[in-house]
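Written out below as structure tokens is the structure these notes cover.
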Amino acid sequence: MVATTRNRLVNMIALFLTIFVLVGLLLFHFYTYHTLSDIVALALAIVAIIGIYYVAQAVPSGTKTVLSAKQSWRWIQQTVEGKRFFINGMLLIAFTFLVYGVVQAKRLEWILNPDALGYLEIARRYAAGDFVVRGYWSPMISWLTAIVTSIGITPELAIRYLIVISGLVSTVLSVVLAGQFGLRRIFRLVIAGFVAILLSSITSITADIIGVAFLLGYLCIIMSRNVVSQPIIFGLAAGIVAGLAYFARSYNLTFIVAHLLIYGGWLWVQKRSLKPVLRFVPSFVLLLAFVITPWIILLSERYGYFTFSTSAAHTRGLVAIGADRERSVTCIAGEVLCPFPSDILFPWEDHLPELQPNYNWSPFSSSENFQHQISLIAENIYYFLGINTVVSVLGILSLSALIMFRSKNKYRNGVAFLLLTAALYISGYMLTLSSGGVRYFIVPYIFILFAALLILQHVLETYSLSRAIMLVTTMGLLIGLASSSPMRFIVGTTLSIVRGDEQSDECALDDSTIIASDLIAPIASVGDNWRASMDIAYFTGVRSVGYLNPEKITLDEINRQLQQSNVNIVLIADNTPTGSNLLTQYGYTNIRQISYCGSSYTIFQVP
């Protein structure tokens, strides 16, 4: 009888795992449109996981004591909830993440996205002893890259190592924070795996991951149980880490300051007293101001007005009435050159918002602007729900469960805090630009997953559910996560890495070394996309003032801007009428032809 019951349980689990595999493969194929070999590879990985499960099933059945099906289930529960299982699981996740990250960093060393060029150029200046001040790019990633570069690692590799370390720190801190909310060890391992896979799948160089690490560190401090008994000490510690979070990513400052109201309410609920709130908040604000004020003063002096970041002004300009988001950043739109500031290598290093049309528009200046702001919020919400359907559903279900919680439910306050925090973080992007994709919403993803797992944990602790229902619920959660935007992003990016879809910029380094002697600053390019102009400036160290697109402006306007910007050298793609017209009609001099990453260009000297 015992063996029959156990066999039925194993067969039922195998059935649900098979269904999960089939549904997962269909979703995988539907969302990624990849080949049969990709699907087979994923299927083999899932089969391996099923095999591990059967091995775990075989352990209790192979012992001398005959175990019932109920005892077998309890054995599995005790194993996965054990401290040793948790520690070994965390070590496995951390080790795998680190090895994968280091290997991936070396492979992607010369795959540089546009943001990377800005961060890296600033880092190279810091490494050379030039303490530059730039308002668009948050400085922490460049500061740390400069430090790592000083030990002999190339900046391009150093910045990727930093992102890997930040991802590992974020993974560990997410587990620490989950423990502070009372999640069980098995759920903390689920969170660690989810965060590690998600962060390792972001291949572009971005400050977002470093920003997540510092923000999670700040949240771990303020969610400590000792805050209530030692609010001043924890307020000072939180102020320091919050300042570092701002240096890592400017949006963190806006979020943290706005979040103070929610956190103050949380402190009051925990103690039912305003005393810890009145002690924490002043000490936090004072030290935060002490940490960030010098940098804000330097920024304000550089731009001539008070600012803690120029990125907000850029973002506002991108969403103004009638703005073309792809053309509003004028220094890379091909319509104007950007000869100032004169102390930068290329416009993307410090692109001034003043050059961007409508950068300072206000939704309150007219009724038309206000209506535009409302429609913009609706558009952004629609976009967010579209790319984050499953995460949004998890959030809505968690909110519904929260409403049904009784007043004495021990998870109620935690779930409320998590959902409010996630909603506040997301709402900042709803006001401006939410099309940044997954990397913008890592923190709310984590918090919504926290809330959903807390509710699942409450259900498991409160209700006597049959093992079949628990299994179906777990499978449903896994299938939901598999079809979510973060997981689609993970699968697609990982396959792209394995296949080597992304093209390396190493050719830019090699070819730039050859042509550097022919370039006299400042330079510009005509008829090419803005990336070539930026890459050449970065790899040669010759200052560029941008590029002009003959499809958008006339030849007379191109010549006028080149002359007024004091451009010495202009690069023009071969076999285009623009080069020959500038040569014959405006007196430009043909210096030489060059090959750059498989394309042919001619170097002209501006008269």
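By convention in this document, the chains of the structure tokens carry letters A, B, ... by their order, each chain's residues are numbered from 1, and ligands are numbered from 1 in the order they are shown.
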Excluding same-chain residues fewer than 6 positions from segment 419-421 of chain A, what lies within 8 Å of it counting only C-alpha atoms, as a list in words?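 That gives His259, Ile262, Gly395, Leu399, Pro444, Phe447, Ile448 and Ala451 of chain A.
Near segment 376-387 of chain A, within 8 Å and counting only C-alpha atoms, sit Val319, Tyr429, Met430, Leu431, Thr432, Leu433, Ser434, Ser435, Gly437 and Ser485 of chain A; same-chain residues fewer than 6 positions away were not included.
Distances to Gly167 of chain A were evaluated for A:Thr589, A:Ser600, A:Ser200, A:Asn388 using only C-alpha atoms, and the minimum falls at A:Ser200.
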What separation in Å, quoted to one decimal, exists between atom CA of Ser138 of chain A and atom CA of Arg249 of chain A? 5.3 Å
Give me, as CSV, each residue of segment 339-359 of chain A that comes within 9 Å of segment 130-136 of chain A, together with its shortest interatomic pair and the distance in Å at one decimal, counting only C-alpha atoms, with rows ordered by chain and rising residue number.
```
residue,atom,partner,partner_atom,distance
A:Glu349,CA,A:Arg134,CA,7.8
A:Asp350,CA,A:Arg134,CA,6.2
A:His351,CA,A:Tyr136,CA,7.6
A:Leu352,CA,A:Tyr136,CA,8.5
```
Same residues, C-alpha atoms, saved as an mmCIF file, in the first residue's frame:
```
data_model
loop_
_atom_site.group_PDB
_atom_site.id
_atom_site.type_symbol
_atom_site.label_atom_id
_atom_site.label_comp_id
_atom_site.auth_asym_id
_atom_site.auth_seq_id
_atom_site.Cartn_x
_atom_site.Cartn_y
_atom_site.Cartn_z
ATOM 1 C CA GLU A 349 30.253 62.288 -23.060
ATOM 2 C CA ASP A 350 28.322 65.353 -21.863
ATOM 3 C CA HIS A 351 25.448 66.222 -24.190
ATOM 4 C CA LEU A 352 23.894 69.437 -22.930
#
```
